[in-house]
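Visitor: Below is the file run.cif, which contains mmCIF, C-alpha atoms.
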data_final
loop_
_atom_site.label_atom_id
_atom_site.label_comp_id
_atom_site.auth_asym_id
_atom_site.auth_seq_id
_atom_site.Cartn_x
_atom_site.Cartn_y
_atom_site.Cartn_z
CA MET A 278 19.28 -75.90 -7.98
CA LYS A 279 18.68 -73.34 -10.74
CA LYS A 280 17.28 -70.05 -9.50
CA LYS A 281 13.85 -69.23 -10.97
CA ILE A 282 13.67 -66.12 -13.14
CA ALA A 283 10.66 -63.80 -13.12
CA LEU A 284 9.95 -60.95 -15.52
CA ILE A 285 7.54 -58.31 -14.22
CA PHE A 286 5.97 -55.73 -16.53
CA GLY A 287 4.83 -52.73 -14.49
CA VAL A 288 7.39 -53.20 -11.73
CA THR A 289 7.24 -49.60 -10.47
CA GLY A 290 3.53 -49.79 -9.63
CA GLN A 291 2.00 -50.83 -6.32
CA ASP A 292 1.57 -54.49 -7.25
CA GLY A 293 4.93 -54.65 -9.03
CA ALA A 294 6.75 -53.45 -5.93
CA TYR A 295 5.01 -55.90 -3.59
CA LEU A 296 5.42 -58.81 -6.02
CA SER A 297 9.13 -58.08 -6.54
CA LYS A 298 9.83 -58.26 -2.83
CA PHE A 299 7.66 -61.35 -2.44
CA LEU A 300 9.56 -63.20 -5.19
CA LEU A 301 12.98 -62.01 -3.97
CA LYS A 302 12.19 -63.51 -0.57
CA LYS A 303 11.55 -66.78 -2.41
CA LYS A 304 15.04 -66.56 -3.96
CA TYR A 305 13.93 -65.60 -7.47
CA LYS A 306 16.03 -63.58 -9.87
CA VAL A 307 13.67 -60.71 -10.70
CA TYR A 308 13.75 -58.55 -13.82
CA GLY A 309 11.48 -55.55 -13.61
CA VAL A 310 10.33 -53.62 -16.68
CA LYS A 311 9.55 -49.91 -16.60
CA ARG A 312 8.90 -47.33 -19.30
CA ARG A 313 11.68 -44.83 -19.89
CA SER A 314 10.79 -41.46 -18.41
CA SER A 315 12.53 -38.17 -17.63
CA ILE A 316 10.94 -38.35 -14.19
CA ILE A 317 12.33 -40.74 -11.58
CA ASN A 318 9.43 -42.97 -10.57
CA THR A 319 11.16 -45.87 -8.83
CA GLN A 320 10.40 -44.80 -5.26
CA ARG A 321 8.31 -47.91 -4.58
CA ILE A 322 11.24 -50.23 -5.35
CA ASP A 323 14.20 -48.11 -4.19
CA ASP A 324 14.36 -49.98 -0.87
CA ILE A 325 15.21 -53.17 -2.77
CA TYR A 326 18.66 -51.74 -3.53
CA LYS A 327 19.23 -51.07 0.16
CA ASP A 328 18.78 -54.76 1.01
CA ILE A 329 22.02 -56.66 0.49
CA ASN A 330 20.07 -59.91 0.08
CA PHE A 331 17.86 -58.48 -2.66
CA LYS A 332 19.81 -56.05 -4.82
CA SER A 333 22.05 -58.64 -6.48
CA ASN A 334 18.96 -60.54 -7.68
CA PHE A 335 17.01 -57.55 -8.98
CA VAL A 336 17.52 -56.00 -12.42
CA LEU A 337 15.61 -53.01 -13.77
CA CYS A 338 14.99 -52.99 -17.55
CA TYR A 339 13.35 -50.59 -19.99
CA GLY A 340 10.42 -51.64 -22.14
CA ASP A 341 6.96 -50.62 -23.27
CA LEU A 342 3.80 -52.64 -23.86
CA THR A 343 3.05 -50.53 -26.93
CA ASP A 344 6.33 -51.72 -28.54
CA SER A 345 6.29 -55.33 -29.78
CA PHE A 346 10.02 -55.35 -30.50
CA SER A 347 11.01 -54.32 -26.96
CA ILE A 348 8.75 -57.00 -25.48
CA LEU A 349 10.10 -59.75 -27.70
CA SER A 350 13.71 -58.65 -27.15
CA LEU A 351 13.35 -58.66 -23.37
CA ILE A 352 11.77 -62.11 -23.23
CA LYS A 353 14.33 -63.52 -25.68
CA LYS A 354 17.26 -62.11 -23.68
CA ILE A 355 16.04 -62.86 -20.15
CA LYS A 356 14.47 -66.29 -20.81
CA PRO A 357 12.15 -66.05 -17.79
CA ASP A 358 10.37 -68.95 -16.13
CA GLU A 359 7.45 -66.71 -15.16
CA ILE A 360 6.08 -63.50 -16.69
CA TYR A 361 3.76 -61.23 -14.72
CA ASN A 362 1.91 -58.55 -16.68
CA LEU A 363 0.98 -55.87 -14.15
CA ALA A 364 1.53 -52.92 -16.48
CA ALA A 365 -1.52 -50.91 -17.47
CA GLN A 366 -3.18 -47.55 -17.78
CA SER A 367 -4.97 -48.41 -14.58
CA HIS A 368 -7.04 -45.35 -13.70
CA VAL A 369 -10.71 -45.86 -14.56
CA GLN A 370 -11.63 -42.16 -14.81
CA VAL A 371 -8.58 -41.42 -16.99
CA SER A 372 -9.59 -44.24 -19.36
CA PHE A 373 -12.58 -42.16 -20.45
CA GLU A 374 -10.17 -39.38 -21.42
CA VAL A 375 -7.57 -41.56 -23.19
CA PRO A 376 -9.59 -44.61 -24.34
CA GLU A 377 -7.42 -45.47 -27.36
CA TYR A 378 -4.20 -45.42 -25.32
CA THR A 379 -5.89 -47.46 -22.58
CA ALA A 380 -6.93 -50.09 -25.13
CA ASP A 381 -3.46 -50.16 -26.69
CA VAL A 382 -1.58 -50.68 -23.42
CA ASN A 383 -4.05 -52.86 -21.54
CA GLY A 384 -5.52 -54.90 -24.38
CA LEU A 385 -3.00 -55.07 -27.19
CA GLY A 386 -0.09 -54.95 -24.72
CA THR A 387 -1.23 -58.28 -23.31
CA LEU A 388 -1.58 -59.70 -26.82
CA ARG A 389 1.97 -58.58 -27.65
CA ILE A 390 3.40 -60.51 -24.69
CA LEU A 391 1.46 -63.65 -25.57
CA GLN A 392 2.47 -63.40 -29.23
CA ALA A 393 6.12 -62.99 -28.19
CA ILE A 394 5.90 -66.19 -26.13
CA LYS A 395 4.44 -67.97 -29.15
CA ASN A 396 6.95 -66.53 -31.65
CA LEU A 397 9.89 -67.54 -29.44
CA ASN A 398 8.50 -71.09 -29.08
CA LEU A 399 8.34 -70.76 -25.31
CA GLU A 400 4.85 -72.25 -24.93
CA ASN A 401 6.17 -75.10 -22.79
CA LYS A 402 8.80 -73.09 -20.92
CA VAL A 403 7.14 -69.89 -19.71
CA LYS A 404 4.23 -69.36 -17.32
CA PHE A 405 2.24 -66.18 -17.83
CA TYR A 406 0.10 -64.19 -15.37
CA GLN A 407 -2.33 -61.54 -16.61
CA ALA A 408 -3.62 -58.95 -14.14
CA GLY A 409 -7.37 -58.78 -14.49
CA THR A 410 -9.76 -56.60 -12.51
CA SER A 411 -13.22 -56.56 -10.96
CA GLU A 412 -13.96 -53.59 -13.26
CA MET A 413 -14.55 -56.20 -15.99
CA PHE A 414 -17.75 -57.16 -14.14
CA GLY A 415 -18.85 -53.54 -14.24
CA ARG A 416 -22.61 -53.19 -14.05
CA THR A 417 -23.38 -56.84 -13.38
CA LYS A 418 -26.49 -57.57 -11.33
CA GLU A 419 -25.00 -60.61 -9.58
CA LYS A 420 -24.84 -60.36 -5.79
CA PHE A 421 -21.39 -61.97 -5.76
CA GLN A 422 -19.01 -62.11 -8.72
CA ASN A 423 -17.02 -65.27 -9.38
CA GLU A 424 -15.18 -66.89 -12.31
CA LYS A 425 -18.47 -67.67 -14.10
CA THR A 426 -20.03 -64.21 -13.78
CA THR A 427 -20.55 -62.51 -17.15
CA PHE A 428 -18.45 -59.43 -17.80
CA TYR A 429 -20.30 -56.14 -18.26
CA PRO A 430 -17.54 -53.47 -18.26
CA ALA A 431 -18.61 -49.87 -17.68
CA SER A 432 -15.45 -48.06 -18.79
CA PRO A 433 -12.76 -48.20 -21.49
CA TYR A 434 -10.48 -49.55 -18.74
CA GLY A 435 -12.86 -52.42 -17.94
CA ALA A 436 -13.39 -53.16 -21.64
CA SER A 437 -9.64 -53.19 -22.37
CA LYS A 438 -9.05 -55.57 -19.49
CA SER A 439 -11.86 -57.82 -20.73
CA PHE A 440 -10.07 -58.12 -24.07
CA ALA A 441 -6.83 -58.93 -22.23
CA HIS A 442 -8.63 -61.61 -20.22
CA TRP A 443 -10.16 -63.35 -23.24
CA ILE A 444 -7.04 -63.15 -25.41
CA THR A 445 -5.17 -64.83 -22.54
CA VAL A 446 -7.78 -67.60 -22.46
CA ASN A 447 -7.61 -67.86 -26.26
CA TYR A 448 -3.82 -68.26 -26.38
CA ARG A 449 -3.98 -70.78 -23.54
CA GLU A 450 -6.46 -72.91 -25.45
CA ALA A 451 -5.09 -72.38 -28.96
CA TYR A 452 -1.36 -72.74 -28.26
CA ASP A 453 -1.28 -74.60 -24.93
CA ILE A 454 0.49 -71.70 -23.17
CA TYR A 455 0.48 -71.81 -19.38
CA ALA A 456 -1.47 -68.57 -18.97
CA CYS A 457 -3.60 -67.47 -16.01
CA ASN A 458 -5.94 -64.56 -15.37
CA GLY A 459 -6.18 -63.16 -11.88
CA ILE A 460 -9.48 -61.29 -11.52
CA LEU A 461 -8.47 -59.10 -8.62
CA PHE A 462 -10.90 -56.90 -6.76
CA ASN A 463 -9.76 -53.56 -5.34
CA HIS A 464 -6.53 -53.89 -3.42
CA GLU A 465 -4.83 -50.99 -1.70
CA SER A 466 -1.71 -50.31 0.35
CA PRO A 467 0.35 -47.48 1.82
CA ILE A 468 2.09 -47.09 -1.57
CA ARG A 469 -1.11 -46.76 -3.59
CA GLY A 470 -1.06 -44.00 -6.23
CA GLU A 471 -2.29 -40.59 -5.09
CA THR A 472 -5.11 -40.41 -7.65
CA PHE A 473 -6.84 -43.54 -6.30
CA VAL A 474 -9.69 -42.82 -3.92
CA THR A 475 -8.42 -44.64 -0.81
CA LYS A 476 -5.06 -42.87 -0.94
CA LYS A 477 -6.77 -39.57 -1.77
CA ILE A 478 -9.00 -39.93 1.31
CA ILE A 479 -6.19 -40.79 3.71
CA GLN A 480 -3.83 -38.11 2.39
CA GLY A 481 -6.57 -35.48 2.23
CA LEU A 482 -7.74 -36.04 5.78
CA MET A 483 -4.17 -36.06 7.08
CA ARG A 484 -3.38 -32.78 5.30
CA ILE A 485 -6.57 -31.18 6.64
CA LYS A 486 -5.63 -32.33 10.14
CA ASN A 487 -2.18 -30.76 9.75
CA GLY A 488 -3.55 -27.52 8.31
CA ASN A 489 -2.08 -28.10 4.84
CA GLN A 490 -5.42 -28.55 3.02
CA LYS A 491 -8.88 -27.07 3.55
CA LYS A 492 -11.22 -29.57 1.90
CA LEU A 493 -11.37 -33.05 0.41
CA PHE A 494 -13.39 -33.38 -2.81
CA LEU A 495 -14.94 -36.75 -3.72
CA GLY A 496 -17.40 -38.27 -6.21
CA ASN A 497 -19.97 -41.01 -5.60
CA LEU A 498 -19.94 -41.70 -1.86
CA TYR A 499 -22.19 -44.75 -2.18
CA SER A 500 -20.13 -46.95 -4.49
CA LYS A 501 -19.56 -50.23 -2.66
CA ARG A 502 -16.18 -51.87 -3.09
CA ASP A 503 -14.45 -55.05 -1.97
CA TRP A 504 -11.12 -53.76 -0.63
CA GLY A 505 -8.10 -55.93 0.23
CA HIS A 506 -4.35 -55.41 0.72
CA ALA A 507 -1.98 -55.61 -2.27
CA ARG A 508 0.51 -57.57 -0.16
CA ASP A 509 -1.99 -60.41 0.21
CA TYR A 510 -3.03 -60.32 -3.44
CA VAL A 511 0.44 -60.67 -4.98
CA GLU A 512 0.79 -63.97 -3.11
CA ALA A 513 -2.30 -65.18 -4.99
CA MET A 514 -0.66 -64.19 -8.31
CA TRP A 515 2.34 -66.37 -7.52
CA LYS A 516 0.19 -69.27 -6.33
CA MET A 517 -1.65 -69.30 -9.68
CA LEU A 518 1.59 -70.03 -11.51
CA GLN A 519 2.54 -72.86 -9.15
CA GLN A 520 -0.45 -75.07 -10.06
CA LYS A 521 -0.25 -78.09 -12.38
CA LYS A 522 -2.72 -76.57 -14.83
CA PRO A 523 -3.34 -72.91 -15.70
CA ASP A 524 -6.70 -71.40 -14.85
CA ASP A 525 -8.44 -68.16 -13.90
CA TYR A 526 -9.24 -67.09 -10.34
CA VAL A 527 -11.19 -64.36 -8.57
CA ILE A 528 -9.22 -62.82 -5.72
CA ALA A 529 -11.30 -60.85 -3.20
CA THR A 530 -12.19 -60.49 0.48
CA GLY A 531 -15.94 -61.04 0.03
CA GLN A 532 -16.62 -57.96 2.19
CA THR A 533 -17.77 -54.57 0.92
CA ILE A 534 -18.09 -51.07 2.32
CA THR A 535 -19.06 -47.78 0.68
CA ILE A 536 -16.62 -44.96 0.05
CA LYS A 537 -18.51 -42.98 2.69
CA GLU A 538 -17.95 -45.77 5.24
CA PHE A 539 -14.24 -45.81 4.32
CA VAL A 540 -14.12 -42.05 4.95
CA ASN A 541 -15.85 -42.47 8.33
CA LYS A 542 -13.39 -45.16 9.43
CA ALA A 543 -10.37 -43.14 8.33
CA ALA A 544 -11.64 -39.90 9.84
CA LYS A 545 -12.23 -41.54 13.21
CA LYS A 546 -8.75 -43.10 13.25
CA ILE A 547 -7.14 -39.77 12.31
CA GLY A 548 -9.00 -37.98 15.09
CA PHE A 549 -11.88 -36.22 13.35
CA LYS A 550 -15.46 -36.10 14.53
CA ILE A 551 -17.47 -35.49 11.38
CA LYS A 552 -21.15 -35.05 10.60
CA TRP A 553 -22.76 -35.46 7.16
CA PHE A 554 -25.57 -33.36 5.74
CA GLY A 555 -27.18 -32.75 2.34
CA LYS A 556 -27.94 -35.25 -0.41
CA GLY A 557 -26.41 -36.36 -3.71
CA ILE A 558 -24.00 -33.91 -5.25
CA ASN A 559 -24.68 -31.51 -2.36
CA GLU A 560 -23.69 -33.93 0.41
CA LYS A 561 -20.98 -32.56 2.69
CA ALA A 562 -19.20 -33.39 5.96
CA ILE A 563 -18.31 -30.89 8.68
CA ASN A 564 -15.67 -31.11 11.36
CA ILE A 565 -17.84 -31.00 14.50
CA GLU A 566 -15.07 -29.39 16.56
CA ASN A 567 -14.78 -26.19 14.48
CA LYS A 568 -17.98 -26.42 12.35
CA LYS A 569 -15.95 -26.16 9.12
CA ILE A 570 -16.90 -28.10 5.99
CA ILE A 571 -14.01 -30.47 5.21
CA ILE A 572 -15.55 -32.85 2.62
CA GLU A 573 -17.62 -32.00 -0.45
CA CYS A 574 -18.79 -33.86 -3.55
CA ARG A 575 -17.86 -32.63 -7.02
CA LYS A 576 -19.49 -33.65 -10.29
CA ARG A 577 -16.09 -33.95 -12.02
CA TYR A 578 -15.25 -36.95 -9.80
CA PHE A 579 -18.31 -38.93 -10.88
CA ARG A 580 -17.65 -41.35 -13.74
CA PRO A 581 -19.71 -41.10 -16.97
CA VAL A 582 -20.99 -44.59 -16.11
CA ASP A 583 -20.62 -45.41 -12.44
CA ILE A 584 -20.49 -48.82 -10.78
CA ASP A 585 -22.42 -48.98 -7.52
CA TYR A 586 -21.58 -52.45 -6.28
CA LEU A 587 -18.81 -55.03 -6.59
CA LYS A 588 -18.30 -57.99 -4.24
CA GLY A 589 -16.06 -60.95 -5.02
CA ASN A 590 -16.48 -64.65 -4.31
CA ALA A 591 -12.98 -66.11 -3.95
CA GLN A 592 -14.04 -69.57 -2.76
CA ARG A 593 -12.33 -71.25 -5.70
CA ALA A 594 -9.01 -69.59 -4.91
CA LYS A 595 -9.38 -70.50 -1.25
CA LYS A 596 -10.03 -74.13 -2.13
CA LEU A 597 -7.55 -74.71 -4.98
CA LEU A 598 -4.82 -72.18 -4.26
CA LYS A 599 -5.10 -72.44 -0.48
CA TRP A 600 -5.22 -68.63 -0.46
CA SER A 601 -7.15 -66.30 1.78
CA PRO A 602 -6.86 -62.56 2.61
CA LYS A 603 -4.96 -61.80 5.80
CA THR A 604 -5.47 -58.05 6.21
CA SER A 605 -8.75 -56.50 7.39
CA ILE A 606 -10.01 -53.16 6.08
CA ASP A 607 -9.29 -51.58 9.48
CA ASN A 608 -5.71 -52.82 9.51
CA LEU A 609 -5.28 -51.63 5.92
CA ILE A 610 -6.44 -48.12 6.89
CA ASP A 611 -4.12 -48.18 9.93
CA GLU A 612 -1.16 -49.02 7.68
CA MET A 613 -2.01 -46.28 5.22
CA ILE A 614 -2.30 -43.68 8.00
CA GLN A 615 0.96 -44.79 9.62
CA TYR A 616 2.74 -44.47 6.27
CA GLU A 617 1.56 -40.86 5.90
CA LEU A 618 2.74 -40.09 9.44
#
Step by step, read the file and then write its structure as structure tokens.
Guide:
Amino acid sequence: MKKKIALIFGVTGQDGAYLSKFLLKKKYKVYGVKRRSSIINTQRIDDIYKDINFKSNFVLCYGDLTDSFSILSLIKKIKPDEIYNLAAQSHVQVSFEVPEYTADVNGLGTLRILQAIKNLNLENKVKFYQAGTSEMFGRTKEKFQNEKTTFYPASPYGASKSFAHWITVNYREAYDIYACNGILFNHESPIRGETFVTKKIIQGLMRIKNGNQKKLFLGNLYSKRDWGHARDYVEAMWKMLQQKKPDDYVIATGQTITIKEFVNKAAKKIGFKIKWFGKGINEKAINIENKKIIIECRKRYFRPVDIDYLKGNAQRAKKLLKWSPKTSIDNLIDEMIQYEL
């Protein structure tokens, strides 16, 4: 039986690393694409080369979503059965600072992959997964967000991903490409990037506990998010490409907590007893044991347009994909703490 071939754009990121290992366990040949850099940034996938069962089926390639020729060349050479586009400028706050680059990579990058599939006449041979995000819903007023909820992005990142979503739908309908959008709500893991708030909280509290940092600075403590584990969510990506017909799916836990509640859970597990005081930008938390302030809010960490509430309804994915989240928020926090230890 011919081994399936997967091509993953953004392989060195959190999702790329988890998806690579998931597919390798399913006996895929995996080609991972990363941008060329003078800095070694493969730490999330280095363990693949230590596994004798994986390393012979994993190939690292160079490419860039801003370069049409590199995309077309890779797809033409590799002839993948499945393409997963996980590459992006994925930091929401940064997207306000580099909006044009964010649009180029996230929006036009997706278009370049789809156009390459079309130009190579692979419409009936390749299945394509596009990584969407709950940030596309942005400032929606809906209590739960599902596949029919109207997008209302509140950042260049959310807007760029909305373009990527609709161009994927367009190419699916215009050229009969098997193309799916996964609208994934926040998903974290021990290997989350350090600039993302969950990782920042865990690392900050651990460093304070060990005497290596004095304070943790945060933004809006009352943003509510639907947090799952990346390990569970990459399984949903794969399941989307195993269906008879392509479609779009919301992937979420359906449970939300505020950033402040996440901090409280993490602090308790790490061994802090904290007490909050003040309001708004002046809200702070003290370590009850020594009366020192260890958490403060800073205006620079508030977004120009903030999103207060996101909560996903993944009933369709549960019914049609037979998918459901396996990791609770408490177990996720435990894993992230253990990784830092």
Visitor: If you count only C-alpha atoms, which residues fall within 9 Å of Ile534 in chain A, apart from same-chain ones fewer than 6 positions away, as a PyMOL selection string?
Guide: chain A and resi 499-504
Visitor: Dump C-alpha atoms for the selected residues as a PDB file, in the frame of the given file?
Guide:
ATOM      1  CA  TYR A 499     -22.190 -44.750  -2.180  1.00  0.00           C
ATOM      2  CA  SER A 500     -20.130 -46.950  -4.490  1.00  0.00           C
ATOM      3  CA  LYS A 501     -19.560 -50.230  -2.660  1.00  0.00           C
ATOM      4  CA  ARG A 502     -16.180 -51.870  -3.090  1.00  0.00           C
ATOM      5  CA  ASP A 503     -14.450 -55.050  -1.970  1.00  0.00           C
ATOM      6  CA  TRP A 504     -11.120 -53.760  -0.630  1.00  0.00           C
TER       7      TRP A 504
END
Visitor: Here's the selection I'm unsure about, the PyMOL selection byres ((chain A and resi 295) around 12); applied to the file above, which residues does it give, as a PyMOL selection string?
Guide: chain A and resi 285+287-294+296-302+309+321-322+324-325+363+464-469+506-515
Visitor: My list of candidates is A:Asn487, A:Gln407, A:Thr475, A:Gln370. Which is closest to Thr535 in chain A when distances are computed with all atoms listed in the file?
Guide: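 Using all atoms listed in the file, Thr535 in chain A sits closest to A:Thr475.
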Visitor: Of the candidates A:Lys522, A:Lys550, A:Arg484, A:Lys306, which shows the shortest atom-to-atom distance to Asn564 in chain A, using all atoms listed in the file?
Guide: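 For Asn564 in chain A, the nearest of the given residues is A:Lys550.
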Visitor: If the PyMOL selection byres ((chain A and resi 478) around 9) is run on the structure shown, which residues does it catch, given as a list in words?
Guide: Phe473, Val474, Thr475, Lys476, Lys477, Ile479, Gln480, Gly481, Leu482, Met483, Leu493, Phe494, Leu495, Phe539, Val540, Ala543 and Ala544 of chain A
Visitor: Selected residues, C-alpha atoms, written as a tab-separated table (two decimals), in the coordinates of the input, please.
Guide:
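In the end it all went to part-v8.tsv:
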chain	number	residue	atom	x	y	z
A	473	PHE	CA	-6.84	-43.54	-6.30
A	474	VAL	CA	-9.69	-42.82	-3.92
A	475	THR	CA	-8.42	-44.64	-0.81
A	476	LYS	CA	-5.06	-42.87	-0.94
A	477	LYS	CA	-6.77	-39.57	-1.77
A	479	ILE	CA	-6.19	-40.79	3.71
A	480	GLN	CA	-3.83	-38.11	2.39
A	481	GLY	CA	-6.57	-35.48	2.23
A	482	LEU	CA	-7.74	-36.04	5.78
A	483	MET	CA	-4.17	-36.06	7.08
A	493	LEU	CA	-11.37	-33.05	0.41
A	494	PHE	CA	-13.39	-33.38	-2.81
A	495	LEU	CA	-14.94	-36.75	-3.72
A	539	PHE	CA	-14.24	-45.81	4.32
A	540	VAL	CA	-14.12	-42.05	4.95
A	543	ALA	CA	-10.37	-43.14	8.33
A	544	ALA	CA	-11.64	-39.90	9.84
Visitor: Ranking A:Leu461, A:Ala436, A:Ile444, A:Ile563 by minimum distance to Gly415 in chain A and counting all atoms listed in the file, which one comes first?
Guide: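 Using all atoms listed in the file, Gly415 in chain A sits closest to A:Ala436.
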Visitor: Got a sec: who's within 12 Å of range 552-556 of chain A, counting all atoms listed in the file, leaving out chain neighbours fewer than 5 positions off, as a list of chain:residue names?
Guide: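 Residues near the query, excluding close chain neighbours: A:Asn497, A:Leu498, A:Tyr499, A:Lys537, A:Glu538, A:Val540, A:Asn541, A:Ala544, A:Lys545, A:Lys561, A:Ala562, A:Ile563, A:Asn564, A:Ile565, A:Glu566, A:Asn567, A:Lys568, A:Lys569, A:Ile570, A:Ile571, A:Ile572, A:Glu573, A:Cys574.
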Visitor: Any idea what the distance is between CA of Arg593 in chain A and CA of Ile606 in chain A?
Guide: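 Straight-line distance from CA of Arg593 in chain A to CA of Ile606 in chain A works out to 21.7 Å.
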Visitor: Quick one, how far is CA of Asp453 in chain A from CA of Met413 in chain A?
Guide: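 We find that CA of Asp453 in chain A and CA of Met413 in chain A lie 24.4 Å from each other.
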Visitor: Taking (10.6, -65.4, -12.6) as a centre in this file's frame and 9 Å as the limit, can you find every polymer residue with an atom that close, using all atoms listed in the file, and give them as a PyMOL selection string?
Guide: chain A and resi 280-285+300+305-308+357-361+404
Visitor: Could you state the separation of CA of Pro581 in chain A and CA of Val371 in chain A in Å, given to one decimal place?
Guide: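 Calculated distance between CA of Pro581 in chain A and CA of Val371 in chain A is 11.1 Å.
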Visitor: Do you know which residues the PyMOL selection byres ((chain A and resi 439) around 9) returns on this file, as a PyMOL selection string?
Guide: chain A and resi 384+409-410+412-414+428-430+434-438+440-444
Visitor: For Asn608 in chain A, which residue among A:Lys546, A:Gln520, A:Glu374, A:Arg313 is the nearest when counting all atoms listed in the file?
Guide: A:Lys546
Visitor: Have a look at A:Thr445, A:Tyr578, A:Leu518, A:Lys420 and name the one nearest to Thr533 in chain A; count all atoms listed in the file.
Guide: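 Of the candidates, the smallest distance to Thr533 in chain A is held by A:Lys420.
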Visitor: Tell me which of A:Lys356, A:Arg575, A:Asp328, A:Lys596 sits closest to Lys402 in chain A, counting all atoms listed in the file.
Guide: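 That would be A:Lys356, the residue with the smallest distance to Lys402 in chain A.
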Visitor: Which polymer residues have any atom within 12 Å of an atom of Ile348 in chain A, counting only C-alpha atoms, with same-chain residues fewer than 2 positions away left out, as a JSON list (two decimals) with C-alpha atoms, in the coordinates of the input?
Guide:
[["chain", "number", "residue", "atom", "x", "y", "z"],
["A", 284, "LEU", "CA", 9.95, -60.95, -15.52],
["A", 285, "ILE", "CA", 7.54, -58.31, -14.22],
["A", 286, "PHE", "CA", 5.97, -55.73, -16.53],
["A", 310, "VAL", "CA", 10.33, -53.62, -16.68],
["A", 311, "LYS", "CA", 9.55, -49.91, -16.60],
["A", 312, "ARG", "CA", 8.90, -47.33, -19.30],
["A", 338, "CYS", "CA", 14.99, -52.99, -17.55],
["A", 339, "TYR", "CA", 13.35, -50.59, -19.99],
["A", 340, "GLY", "CA", 10.42, -51.64, -22.14],
["A", 341, "ASP", "CA", 6.96, -50.62, -23.27],
["A", 342, "LEU", "CA", 3.80, -52.64, -23.86],
["A", 343, "THR", "CA", 3.05, -50.53, -26.93],
["A", 344, "ASP", "CA", 6.33, -51.72, -28.54],
["A", 345, "SER", "CA", 6.29, -55.33, -29.78],
["A", 346, "PHE", "CA", 10.02, -55.35, -30.50],
["A", 350, "SER", "CA", 13.71, -58.65, -27.15],
["A", 351, "LEU", "CA", 13.35, -58.66, -23.37],
["A", 352, "ILE", "CA", 11.77, -62.11, -23.23],
["A", 353, "LYS", "CA", 14.33, -63.52, -25.68],
["A", 354, "LYS", "CA", 17.26, -62.11, -23.68],
["A", 355, "ILE", "CA", 16.04, -62.86, -20.15],
["A", 356, "LYS", "CA", 14.47, -66.29, -20.81],
["A", 360, "ILE", "CA", 6.08, -63.50, -16.69],
["A", 362, "ASN", "CA", 1.91, -58.55, -16.68],
["A", 386, "GLY", "CA", -0.09, -54.95, -24.72],
["A", 387, "THR", "CA", -1.23, -58.28, -23.31],
["A", 388, "LEU", "CA", -1.58, -59.70, -26.82],
["A", 389, "ARG", "CA", 1.97, -58.58, -27.65],
["A", 390, "ILE", "CA", 3.40, -60.51, -24.69],
["A", 391, "LEU", "CA", 1.46, -63.65, -25.57],
["A", 392, "GLN", "CA", 2.47, -63.40, -29.23],
["A", 393, "ALA", "CA", 6.12, -62.99, -28.19],
["A", 394, "ILE", "CA", 5.90, -66.19, -26.13],
["A", 396, "ASN", "CA", 6.95, -66.53, -31.65],
["A", 397, "LEU", "CA", 9.89, -67.54, -29.44]]
Visitor: With a distance cut-off of 10 Å and all atoms listed in the file, select the neighbouring residues of Ser605 in chain A, excluding the residue or stretch itself and same-chain residues fewer than 4 positions from it, and output the selection as a compact mmCIF listing (two decimals) with C-alpha atoms, in the frame of the given file.
Guide:
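Saved as part11.txt:
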# COMPACT_ATOMS: atom_id res chain seq x y z
CA TRP A 504 -11.12 -53.76 -0.63
CA GLY A 505 -8.10 -55.93 0.23
CA HIS A 506 -4.35 -55.41 0.72
CA THR A 530 -12.19 -60.49 0.48
CA GLN A 532 -16.62 -57.96 2.19
CA LEU A 609 -5.28 -51.63 5.92
CA ILE A 610 -6.44 -48.12 6.89
CA ASP A 611 -4.12 -48.18 9.93
